[in-house]
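Engineer: What follows is the file final_39.tsv, containing TSV, C-alpha atoms:
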chain	number	residue	atom	x	y	z
W	711	MET	CA	96.93	99.26	194.41
W	712	GLN	CA	96.00	101.20	191.28
W	713	ILE	CA	99.01	101.97	189.09
W	714	ALA	CA	99.06	105.51	187.72
W	715	LEU	CA	98.81	105.65	183.95
W	716	THR	CA	101.83	107.13	182.20
W	717	PRO	CA	102.76	107.22	178.51
W	718	GLU	CA	105.64	104.82	179.20
W	719	ILE	CA	103.39	102.28	180.93
W	720	LEU	CA	100.84	102.50	178.11
W	721	LEU	CA	103.44	101.95	175.38
W	722	GLU	CA	104.93	98.97	177.20
W	723	ALA	CA	101.47	97.49	177.81
W	724	TYR	CA	100.46	97.76	174.16
W	725	ALA	CA	103.79	96.24	173.13
W	726	GLN	CA	102.86	93.23	175.30
W	727	GLY	CA	99.31	92.95	173.91
W	728	LEU	CA	97.53	94.64	176.84
W	729	PHE	CA	95.21	97.64	176.82
W	730	PRO	CA	93.37	99.60	179.56
W	731	MET	CA	89.70	100.38	180.10
W	732	ALA	CA	88.22	102.35	182.99
W	733	ARG	CA	85.24	100.91	184.84
W	734	GLY	CA	83.31	104.09	184.16
W	735	GLU	CA	83.62	107.76	183.30
W	736	HIS	CA	83.84	108.75	186.98
W	737	SER	CA	85.75	105.70	188.18
W	738	SER	CA	89.45	105.89	188.92
W	739	THR	CA	89.81	102.12	188.55
W	740	ILE	CA	91.55	100.93	185.40
W	741	ASP	CA	91.30	97.30	184.29
W	742	TRP	CA	93.79	95.74	181.88
W	743	TYR	CA	92.56	93.47	179.09
W	744	CYS	CA	94.23	90.78	177.03
W	745	PRO	CA	91.56	88.93	174.98
W	746	GLN	CA	92.31	85.35	174.00
W	747	ASN	CA	90.82	86.12	170.59
W	748	ARG	CA	91.85	89.46	169.14
W	749	GLY	CA	89.70	91.47	166.75
W	750	GLN	CA	91.34	92.75	163.57
W	751	LEU	CA	90.47	94.45	160.31
W	752	SER	CA	92.32	93.83	157.07
W	753	ILE	CA	94.35	96.80	155.92
W	754	THR	CA	94.75	95.60	152.36
W	755	GLN	CA	91.31	94.04	151.90
W	756	LEU	CA	88.90	96.05	154.04
W	757	HIS	CA	85.29	95.30	153.11
W	758	ILE	CA	83.61	98.61	152.30
W	759	PRO	CA	79.80	98.43	151.99
W	760	LYS	CA	78.53	99.77	148.65
W	761	LYS	CA	76.73	102.82	150.08
W	762	LEU	CA	79.76	103.77	152.14
W	763	ARG	CA	82.09	103.21	149.18
W	764	ARG	CA	80.01	105.69	147.16
W	765	MET	CA	80.19	108.15	150.04
W	766	VAL	CA	83.98	108.07	150.44
W	767	LYS	CA	84.40	108.11	146.66
W	768	ASN	CA	82.29	111.26	146.47
W	769	MET	CA	84.39	112.75	149.27
W	770	THR	CA	87.37	112.66	146.91
W	771	ILE	CA	85.58	115.17	144.67
W	772	SER	CA	86.13	118.86	145.25
W	773	GLY	CA	83.11	120.41	146.94
W	774	ALA	CA	82.03	117.22	148.71
W	775	PRO	CA	80.06	117.86	151.94
W	776	TYR	CA	82.66	116.28	154.24
W	777	GLU	CA	86.36	116.91	154.78
W	778	ILE	CA	88.80	114.50	156.41
W	779	ARG	CA	91.48	115.93	158.68
W	780	ILE	CA	94.24	114.23	160.66
W	781	ASP	CA	95.24	115.16	164.22
W	782	THR	CA	93.68	118.62	164.31
W	783	GLN	CA	91.37	118.08	167.32
W	784	PHE	CA	92.61	114.96	169.07
W	785	GLU	CA	91.22	115.68	172.53
W	786	ALA	CA	87.85	116.73	171.09
W	787	VAL	CA	87.63	113.41	169.26
W	788	MET	CA	88.35	111.53	172.49
W	789	ARG	CA	85.72	113.45	174.43
W	790	ASN	CA	83.15	112.86	171.72
W	791	CYS	CA	83.98	109.16	171.80
W	792	ALA	CA	83.38	109.16	175.54
W	793	MET	CA	79.91	110.65	175.01
W	794	THR	CA	78.80	108.65	171.96
W	795	ASN	CA	80.75	105.42	171.87
W	796	GLU	CA	79.58	103.31	168.92
W	797	ASN	CA	82.02	100.51	169.66
W	798	GLU	CA	80.70	100.13	173.18
W	799	ALA	CA	77.02	100.85	172.53
W	800	MET	CA	75.92	98.09	174.90
W	801	ARG	CA	77.84	99.48	177.87
W	802	GLU	CA	75.94	101.49	180.44
W	803	GLU	CA	78.95	103.79	180.91
W	804	THR	CA	81.89	104.82	178.80
W	805	TRP	CA	85.26	103.23	179.56
W	806	ILE	CA	87.06	106.50	178.75
W	807	ASN	CA	87.73	108.42	181.95
W	808	GLU	CA	89.82	111.54	182.57
W	809	ASP	CA	92.98	109.53	183.28
W	810	ILE	CA	92.74	107.78	179.93
W	811	ILE	CA	92.04	111.06	178.13
W	812	LYS	CA	95.04	112.68	179.82
W	813	VAL	CA	97.53	109.93	179.00
W	814	PHE	CA	96.36	109.55	175.41
W	815	CYS	CA	96.67	113.30	174.89
W	816	GLN	CA	100.25	112.98	176.16
W	817	LEU	CA	100.83	110.11	173.71
W	818	HIS	CA	99.38	112.29	170.97
W	819	GLU	CA	101.92	115.00	171.78
W	820	MET	CA	104.64	112.33	171.59
W	821	GLY	CA	103.44	111.23	168.15
W	822	HIS	CA	102.00	107.85	169.19
W	823	ALA	CA	98.26	108.60	169.30
W	824	HIS	CA	96.29	109.94	166.35
W	825	SER	CA	92.83	111.03	165.29
W	826	VAL	CA	91.07	110.80	161.95
W	827	GLU	CA	88.35	113.43	161.81
W	828	CYS	CA	85.32	114.10	159.62
W	829	TRP	CA	84.32	117.77	159.32
W	830	GLN	CA	81.24	119.40	157.80
W	831	ASP	CA	80.74	123.17	157.52
W	832	GLY	CA	83.51	123.76	160.06
W	833	GLN	CA	82.05	121.32	162.60
W	834	LEU	CA	83.56	118.06	163.81
W	835	THR	CA	80.88	115.48	162.95
W	836	GLY	CA	82.66	112.16	163.35
W	837	GLY	CA	85.99	110.50	163.86
W	838	LEU	CA	88.13	107.97	165.64
W	839	TYR	CA	91.36	107.76	167.56
W	840	GLY	CA	93.96	105.12	168.28
W	841	LEU	CA	97.54	104.34	169.15
W	842	ALA	CA	100.34	103.72	166.65
W	843	LEU	CA	103.40	101.69	167.57
W	844	GLY	CA	105.76	100.52	164.85
W	845	GLY	CA	103.58	98.91	162.19
W	846	LEU	CA	100.69	98.39	164.64
W	847	PHE	CA	97.65	100.63	164.93
W	848	CYS	CA	95.25	99.97	167.79
W	849	GLY	CA	91.84	101.46	167.10
W	850	GLU	CA	90.40	102.65	170.38
W	851	SER	CA	87.02	104.26	169.75
W	852	MET	CA	84.94	106.23	167.27
W	853	PHE	CA	81.96	108.59	167.27
W	854	SER	CA	79.47	110.01	164.83
W	855	SER	CA	77.09	112.96	165.14
W	856	ALA	CA	76.12	112.86	161.44
W	857	PRO	CA	75.24	109.81	159.32
W	858	ASN	CA	78.16	107.51	158.45
W	859	THR	CA	80.90	109.98	159.37
W	860	SER	CA	82.68	107.61	161.77
W	861	LYS	CA	82.52	104.91	159.10
W	862	ALA	CA	84.06	107.26	156.55
W	863	ALA	CA	86.81	108.08	159.05
W	864	LEU	CA	87.50	104.36	159.47
W	865	VAL	CA	87.90	103.85	155.72
W	866	HIS	CA	90.26	106.82	155.57
W	867	LEU	CA	92.22	105.38	158.49
W	868	VAL	CA	92.67	102.08	156.68
W	869	ALA	CA	93.68	103.83	153.46
W	870	ARG	CA	96.32	105.80	155.38
W	871	LEU	CA	97.61	102.68	157.17
W	872	TRP	CA	97.92	100.97	153.79
W	873	LYS	CA	99.74	103.94	152.26
W	874	LYS	CA	102.14	104.19	155.19
W	875	GLY	CA	103.00	100.49	155.34
W	876	TYR	CA	101.30	99.37	158.54
W	877	SER	CA	100.73	95.63	158.92
W	878	VAL	CA	98.22	95.25	161.80
W	879	LEU	CA	94.96	97.07	162.58
W	880	ASP	CA	93.90	95.87	166.02
W	881	THR	CA	90.25	96.41	166.96
W	882	GLN	CA	90.71	94.56	170.27
W	883	PHE	CA	87.20	93.07	170.18
W	884	VAL	CA	84.69	91.99	167.53
W	885	ASN	CA	81.29	93.72	167.56
W	886	ASP	CA	78.26	94.14	165.33
W	887	HIS	CA	79.38	97.56	164.13
W	888	LEU	CA	82.65	96.18	162.74
W	889	LEU	CA	81.14	93.09	161.11
W	890	GLN	CA	80.18	95.12	158.05
W	891	PHE	CA	83.86	95.83	157.48
W	892	GLY	CA	84.90	92.18	157.65
W	893	VAL	CA	86.28	92.12	161.17
W	894	TYR	CA	87.76	88.79	162.21
W	895	GLU	CA	89.53	87.22	165.19
W	896	VAL	CA	93.00	85.78	165.60
W	897	PRO	CA	94.17	83.70	168.58
W	898	TYR	CA	96.27	85.57	171.11
W	899	GLU	CA	99.37	83.51	170.27
W	900	SER	CA	99.06	84.51	166.60
W	901	TYR	CA	98.51	88.12	167.62
W	902	LEU	CA	101.77	88.09	169.59
W	903	GLU	CA	103.61	86.84	166.50
W	904	GLN	CA	102.06	89.63	164.43
W	905	LEU	CA	102.92	92.11	167.17
W	906	GLU	CA	106.57	91.03	167.23
W	907	HIS	CA	106.84	91.69	163.49
W	908	ALA	CA	104.90	94.97	163.63
W	909	LEU	CA	107.05	96.41	166.41
W	910	ARG	CA	110.13	95.98	164.21
W	911	GLN	CA	108.58	98.14	161.51
W	912	GLU	CA	109.27	101.86	161.22
W	913	CYS	CA	106.03	103.47	160.08
W	914	ALA	CA	105.18	107.16	160.32
W	915	PHE	CA	101.46	107.79	160.61
W	916	LYS	CA	101.67	111.43	159.57
W	917	GLU	CA	104.47	113.38	157.87
W	918	SER	CA	104.68	116.87	156.44
W	919	ASP	CA	105.09	115.63	152.87
W	920	ASP	CA	102.19	113.16	152.94
W	921	PRO	CA	99.82	113.09	149.95
W	922	SER	CA	96.44	114.68	150.57
W	923	GLU	CA	93.64	112.61	152.06
W	924	LEU	CA	91.93	112.75	148.67
W	925	GLU	CA	94.98	111.28	146.93
W	926	ILE	CA	95.43	108.56	149.55
W	927	MET	CA	91.79	107.51	149.23
W	928	GLN	CA	91.88	107.55	145.44
W	929	ASP	CA	94.95	105.31	145.49
W	930	TYR	CA	93.36	102.92	147.96
W	931	LEU	CA	90.05	102.62	146.14
W	932	GLY	CA	91.90	102.23	142.85
W	933	ARG	CA	93.98	99.42	144.29
W	934	GLN	CA	90.87	97.64	145.57
W	935	ASN	CA	89.30	97.85	142.12
W	936	THR	CA	92.24	96.15	140.39
As C-alpha coordinates - that is how I would like this structure written.
Structural biologist:
Amino acid sequence: MQIALTPEILLEAYAQGLFPMARGEHSSTIDWYCPQNRGQLSITQLHIPKKLRRMVKNMTISGAPYEIRIDTQFEAVMRNCAMTNENEAMREETWINEDIIKVFCQLHEMGHAHSVECWQDGQLTGGLYGLALGGLFCGESMFSSAPNTSKAALVHLVARLWKKGYSVLDTQFVNDHLLQFGVYEVPYESYLEQLEHALRQECAFKESDDPSELEIMQDYLGRQNT
(Lines of atoms letter the chains of each structure in order from A and count residues from 1; the text may use other names and numbers.)
(Lines give C-alpha, C1' and ligand atoms only; values in the text may rest on other atoms or scores of the structure.)
Protein backbone atom coordinates (compact mmCIF):
# COMPACT_ATOMS: atom_id res chain seq x y z
CA MET A 1 0.00 0.00 0.00
CA GLN A 2 1.33 3.42 -0.98
CA ILE A 3 1.85 5.70 2.01
CA ALA A 4 0.65 9.26 1.48
CA LEU A 5 3.45 11.80 1.59
CA THR A 6 3.21 14.33 4.40
CA PRO A 7 5.73 16.89 5.67
CA GLU A 8 6.10 14.90 8.89
CA ILE A 9 6.86 11.65 7.05
CA LEU A 10 9.38 13.42 4.81
CA LEU A 11 11.23 15.03 7.73
CA GLU A 12 11.42 11.73 9.61
CA ALA A 13 12.61 9.91 6.48
CA TYR A 14 15.40 12.40 5.82
CA ALA A 15 16.42 12.23 9.47
CA GLN A 16 16.87 8.46 8.97
CA GLY A 17 18.84 8.84 5.72
CA LEU A 18 15.95 8.04 3.34
CA PHE A 19 14.58 10.10 0.46
CA PRO A 20 11.68 9.63 -2.01
CA MET A 21 11.56 9.53 -5.80
CA ALA A 22 8.47 8.99 -7.94
CA ARG A 23 8.62 6.43 -10.73
CA GLY A 24 7.55 9.09 -13.20
CA GLU A 25 5.83 12.45 -13.57
CA HIS A 26 2.41 10.81 -13.93
CA SER A 27 3.00 7.90 -11.57
CA SER A 28 1.55 7.90 -8.08
CA THR A 29 4.11 5.33 -6.92
CA ILE A 30 6.85 6.65 -4.65
CA ASP A 31 10.01 4.63 -4.04
CA TRP A 32 12.27 5.24 -1.05
CA TYR A 33 16.05 5.25 -1.50
CA CYS A 34 18.92 4.72 0.90
CA PRO A 35 22.18 4.43 -1.11
CA GLN A 36 25.00 2.43 0.45
CA ASN A 37 27.39 5.10 -0.81
CA ARG A 38 26.18 8.65 -0.35
CA GLY A 39 27.16 11.53 -2.60
CA GLN A 40 28.41 14.71 -0.94
CA LEU A 41 29.98 18.05 -1.81
CA SER A 42 32.41 19.86 0.45
CA ILE A 43 30.98 23.03 1.93
CA THR A 44 34.33 24.49 2.94
CA GLN A 45 36.38 23.30 -0.05
CA LEU A 46 34.02 23.20 -3.02
CA HIS A 47 35.95 22.91 -6.28
CA ILE A 48 34.83 25.78 -8.52
CA PRO A 49 35.99 25.50 -12.16
CA LYS A 50 37.92 28.58 -13.33
CA LYS A 51 35.33 29.78 -15.85
CA LEU A 52 32.54 29.43 -13.31
CA ARG A 53 34.63 31.14 -10.63
CA ARG A 54 35.03 34.14 -12.95
CA MET A 55 31.28 34.13 -13.57
CA VAL A 56 30.24 34.15 -9.91
CA LYS A 57 32.97 36.68 -9.12
CA ASN A 58 31.57 38.99 -11.80
CA MET A 59 28.10 38.46 -10.36
CA THR A 60 29.30 40.21 -7.19
CA ILE A 61 29.79 43.40 -9.22
CA SER A 62 26.93 45.85 -9.50
CA GLY A 63 25.33 45.64 -12.93
CA ALA A 64 26.22 41.99 -13.51
CA PRO A 65 23.81 40.18 -15.89
CA TYR A 66 22.52 37.73 -13.27
CA GLU A 67 20.95 38.18 -9.86
CA ILE A 68 20.72 35.52 -7.16
CA ARG A 69 17.55 35.37 -5.07
CA ILE A 70 16.55 33.04 -2.24
CA ASP A 71 13.08 31.51 -1.82
CA THR A 72 11.17 33.92 -4.06
CA GLN A 73 9.74 31.34 -6.51
CA PHE A 74 10.11 27.96 -4.83
CA GLU A 75 7.36 26.12 -6.69
CA ALA A 76 8.49 27.55 -10.04
CA VAL A 77 11.99 26.22 -9.38
CA MET A 78 10.59 22.76 -8.63
CA ARG A 79 8.49 22.70 -11.78
CA ASN A 80 11.43 23.79 -13.89
CA CYS A 81 13.52 21.03 -12.32
CA ALA A 82 10.83 18.54 -13.30
CA MET A 83 11.03 19.69 -16.92
CA THR A 84 14.81 20.07 -17.28
CA ASN A 85 16.48 17.89 -14.71
CA GLU A 86 20.26 18.12 -15.11
CA ASN A 87 20.94 15.74 -12.23
CA GLU A 88 18.82 13.04 -13.80
CA ALA A 89 19.64 13.68 -17.46
CA MET A 90 19.82 9.95 -18.21
CA ARG A 91 16.31 9.23 -16.93
CA GLU A 92 13.52 8.90 -19.46
CA GLU A 93 11.09 10.60 -17.05
CA THR A 94 11.41 13.01 -14.18
CA TRP A 95 11.13 11.62 -10.66
CA ILE A 96 9.31 14.78 -9.49
CA ASN A 97 5.56 14.19 -9.56
CA GLU A 98 2.70 16.32 -8.23
CA ASP A 99 2.76 14.64 -4.81
CA ILE A 100 6.43 15.48 -4.34
CA ILE A 101 5.87 19.06 -5.51
CA LYS A 102 2.96 19.45 -3.10
CA VAL A 103 4.77 18.13 -0.03
CA PHE A 104 7.95 20.09 -0.73
CA CYS A 105 5.92 23.28 -1.14
CA GLN A 106 4.42 22.53 2.28
CA LEU A 107 7.93 22.02 3.68
CA HIS A 108 8.92 25.32 2.11
CA GLU A 109 6.09 27.06 3.94
CA MET A 110 7.33 25.42 7.15
CA GLY A 111 10.85 26.73 6.57
CA HIS A 112 12.49 23.37 5.75
CA ALA A 113 12.73 23.54 1.94
CA HIS A 114 14.52 26.29 0.06
CA SER A 115 15.37 27.49 -3.42
CA VAL A 116 18.40 29.33 -4.75
CA GLU A 117 17.42 31.16 -7.93
CA CYS A 118 19.29 32.82 -10.79
CA TRP A 119 17.43 35.68 -12.48
CA GLN A 120 18.19 37.62 -15.66
CA ASP A 121 16.15 40.60 -16.89
CA GLY A 122 13.30 39.64 -14.58
CA GLN A 123 13.23 36.02 -15.76
CA LEU A 124 14.03 32.90 -13.74
CA THR A 125 16.86 31.29 -15.74
CA GLY A 126 18.26 28.68 -13.36
CA GLY A 127 18.21 27.40 -9.83
CA LEU A 128 18.01 24.54 -7.41
CA TYR A 129 16.02 23.41 -4.41
CA GLY A 130 16.58 21.19 -1.42
CA LEU A 131 15.66 20.36 2.14
CA ALA A 132 17.34 21.77 5.24
CA LEU A 133 17.26 19.92 8.54
CA GLY A 134 19.54 21.03 11.36
CA GLY A 135 23.01 21.36 9.84
CA LEU A 136 22.10 19.11 6.88
CA PHE A 137 21.13 20.33 3.44
CA CYS A 138 19.89 17.75 0.95
CA GLY A 139 20.21 19.01 -2.61
CA GLU A 140 17.30 17.64 -4.59
CA SER A 141 17.48 18.96 -8.14
CA MET A 142 18.55 21.88 -10.33
CA PHE A 143 17.70 23.37 -13.70
CA SER A 144 19.17 25.81 -16.17
CA SER A 145 17.59 27.62 -19.13
CA ALA A 146 20.64 29.87 -19.68
CA PRO A 147 24.32 28.87 -19.68
CA ASN A 148 25.80 27.98 -16.28
CA THR A 149 22.98 29.48 -14.21
CA SER A 150 22.29 26.29 -12.24
CA LYS A 151 26.02 25.99 -11.57
CA ALA A 152 26.14 29.56 -10.30
CA ALA A 153 23.16 28.80 -8.04
CA LEU A 154 25.03 25.78 -6.65
CA VAL A 155 28.08 27.88 -5.77
CA HIS A 156 25.84 30.42 -4.07
CA LEU A 157 24.14 27.62 -2.17
CA VAL A 158 27.47 26.35 -0.86
CA ALA A 159 28.57 29.87 0.09
CA ARG A 160 25.35 30.33 2.06
CA LEU A 161 25.68 26.94 3.77
CA TRP A 162 29.23 27.88 4.77
CA LYS A 163 28.13 31.28 6.09
CA LYS A 164 25.26 29.77 8.08
CA GLY A 165 27.28 26.97 9.66
CA TYR A 166 25.94 23.88 7.90
CA SER A 167 28.11 20.77 8.08
CA VAL A 168 26.72 18.37 5.42
CA LEU A 169 25.69 18.94 1.80
CA ASP A 170 24.08 15.69 0.66
CA THR A 171 23.81 15.16 -3.11
CA GLN A 172 22.38 11.65 -2.62
CA PHE A 173 24.12 10.28 -5.72
CA VAL A 174 27.31 10.96 -7.67
CA ASN A 175 26.92 11.93 -11.33
CA ASP A 176 28.98 13.44 -14.14
CA HIS A 177 27.50 16.90 -13.63
CA LEU A 178 28.72 17.05 -10.02
CA LEU A 179 32.19 15.66 -10.69
CA GLN A 180 33.43 19.10 -11.73
CA PHE A 181 32.63 20.34 -8.23
CA GLY A 182 34.58 17.57 -6.49
CA VAL A 183 31.67 15.35 -5.50
CA TYR A 184 32.66 12.30 -3.48
CA GLU A 185 31.04 9.34 -1.73
CA VAL A 186 30.90 8.30 1.90
CA PRO A 187 29.71 4.89 3.16
CA TYR A 188 26.20 4.84 4.56
CA GLU A 189 27.46 4.12 8.08
CA SER A 190 29.66 7.23 7.95
CA TYR A 191 26.76 9.24 6.57
CA LEU A 192 24.61 8.23 9.55
CA GLU A 193 27.32 9.47 11.91
CA GLN A 194 27.45 12.78 10.04
CA LEU A 195 23.66 12.93 10.09
CA GLU A 196 23.53 12.41 13.86
CA HIS A 197 25.86 15.37 14.36
CA ALA A 198 24.11 17.57 11.79
CA LEU A 199 20.67 17.03 13.31
CA ARG A 200 21.94 18.42 16.62
CA GLN A 201 22.94 21.68 14.94
CA GLU A 202 20.70 24.72 14.88
CA CYS A 203 21.22 26.38 11.51
CA ALA A 204 18.91 28.93 9.90
CA PHE A 205 19.08 28.88 6.11
CA LYS A 206 17.55 32.32 5.68
CA GLU A 207 17.01 35.14 8.18
CA SER A 208 15.86 38.72 7.81
CA ASP A 209 19.23 40.15 8.84
CA ASP A 210 21.34 37.99 6.51
CA PRO A 211 24.12 39.67 4.53
CA SER A 212 23.37 40.16 0.85
CA GLU A 213 24.15 37.38 -1.61
CA LEU A 214 26.96 39.54 -2.96
CA GLU A 215 28.55 39.85 0.50
CA ILE A 216 28.19 36.13 1.22
CA MET A 217 29.85 35.22 -2.07
CA GLN A 218 32.65 37.73 -1.61
CA ASP A 219 33.37 36.29 1.84
CA TYR A 220 33.34 32.73 0.53
CA LEU A 221 35.60 33.40 -2.45
CA GLY A 222 37.92 35.42 -0.23
CA ARG A 223 38.16 32.55 2.23
CA GLN A 224 38.97 30.09 -0.57
CA ASN A 225 41.76 32.36 -1.78
CA THR A 226 43.50 32.48 1.60
Engineer: For atom CA of W:Lys874 and atom CA of W:Phe915, determine how far apart the two atoms are, in Å to one decimal place.
Structural biologist: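 Taking atom CA of W:Lys874 and atom CA of W:Phe915, their separation equals 6.5 Å.
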Engineer: Nearest to W:Ala842: which of W:Phe883, W:Tyr724, W:Phe784, W:Trp742 is it, counting all atoms listed in the file?
Structural biologist: W:Tyr724
Engineer: Show which residues sit within 7 Å of stretch 897-909 of chain W, as a list in words. Count all atoms listed in the file, and ignore same-chain residues fewer than 2 positions away.
Structural biologist: Gly727, Pro745, Gln746, Asn747, Arg748, Leu843, Gly844, Gly845, Leu846, Ser877, Val878, Glu895 and Gln911 of chain W
Engineer: Interatomic distance between atom CA of W:Thr881 and atom CA of W:Val868?
Structural biologist: 12.0 Å
Engineer: Counting all atoms listed in the file, which residue out of W:Ala869, W:Cys913, W:Ile713, W:Ile778 sits closest to W:Cys828?
Structural biologist: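 Checking each candidate against W:Cys828, we get W:Ile778 as the closest.
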Engineer: Near W:Glu777, within 10 Å and counting all atoms listed in the file, which residues show up once chain neighbours fewer than 5 positions away are dropped, as a VMD selection string?
Structural biologist: chain W and resid 769 to 770 772 827 to 835 859 863 923 to 924
Engineer: Let me have the centre and edge lengths of the axis-aligned box enclosing all listed atoms of stretch 717-733 of chain W with 4 Å padding on every side, in Å to one decimal, as AutoDock Vina command-line options.
Structural biologist:
--center_x 95.4 --center_y 100.1 --center_z 179.0 --size_x 28.4 --size_y 22.3 --size_z 19.7
Engineer: Please provide the set of residues having any atom within 9 Å of W:Met731, restricted to all atoms listed in the file, with same-chain residues fewer than 2 positions apart removed, written as a PDB file with C-alpha atoms, in the frame of the given file.
Structural biologist:
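File written: selection.pdb
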ATOM      1  CA  PHE W 729      95.210  97.640 176.820  1.00  0.00           C
ATOM      2  CA  ARG W 733      85.240 100.910 184.840  1.00  0.00           C
ATOM      3  CA  GLY W 734      83.310 104.090 184.160  1.00  0.00           C
ATOM      4  CA  THR W 739      89.810 102.120 188.550  1.00  0.00           C
ATOM      5  CA  ILE W 740      91.550 100.930 185.400  1.00  0.00           C
ATOM      6  CA  ASP W 741      91.300  97.300 184.290  1.00  0.00           C
ATOM      7  CA  TRP W 742      93.790  95.740 181.880  1.00  0.00           C
ATOM      8  CA  TYR W 743      92.560  93.470 179.090  1.00  0.00           C
ATOM      9  CA  TRP W 805      85.260 103.230 179.560  1.00  0.00           C
ATOM     10  CA  ILE W 806      87.060 106.500 178.750  1.00  0.00           C
ATOM     11  CA  ASN W 807      87.730 108.420 181.950  1.00  0.00           C
ATOM     12  CA  ILE W 810      92.740 107.780 179.930  1.00  0.00           C
TER      13      ILE W 810
END
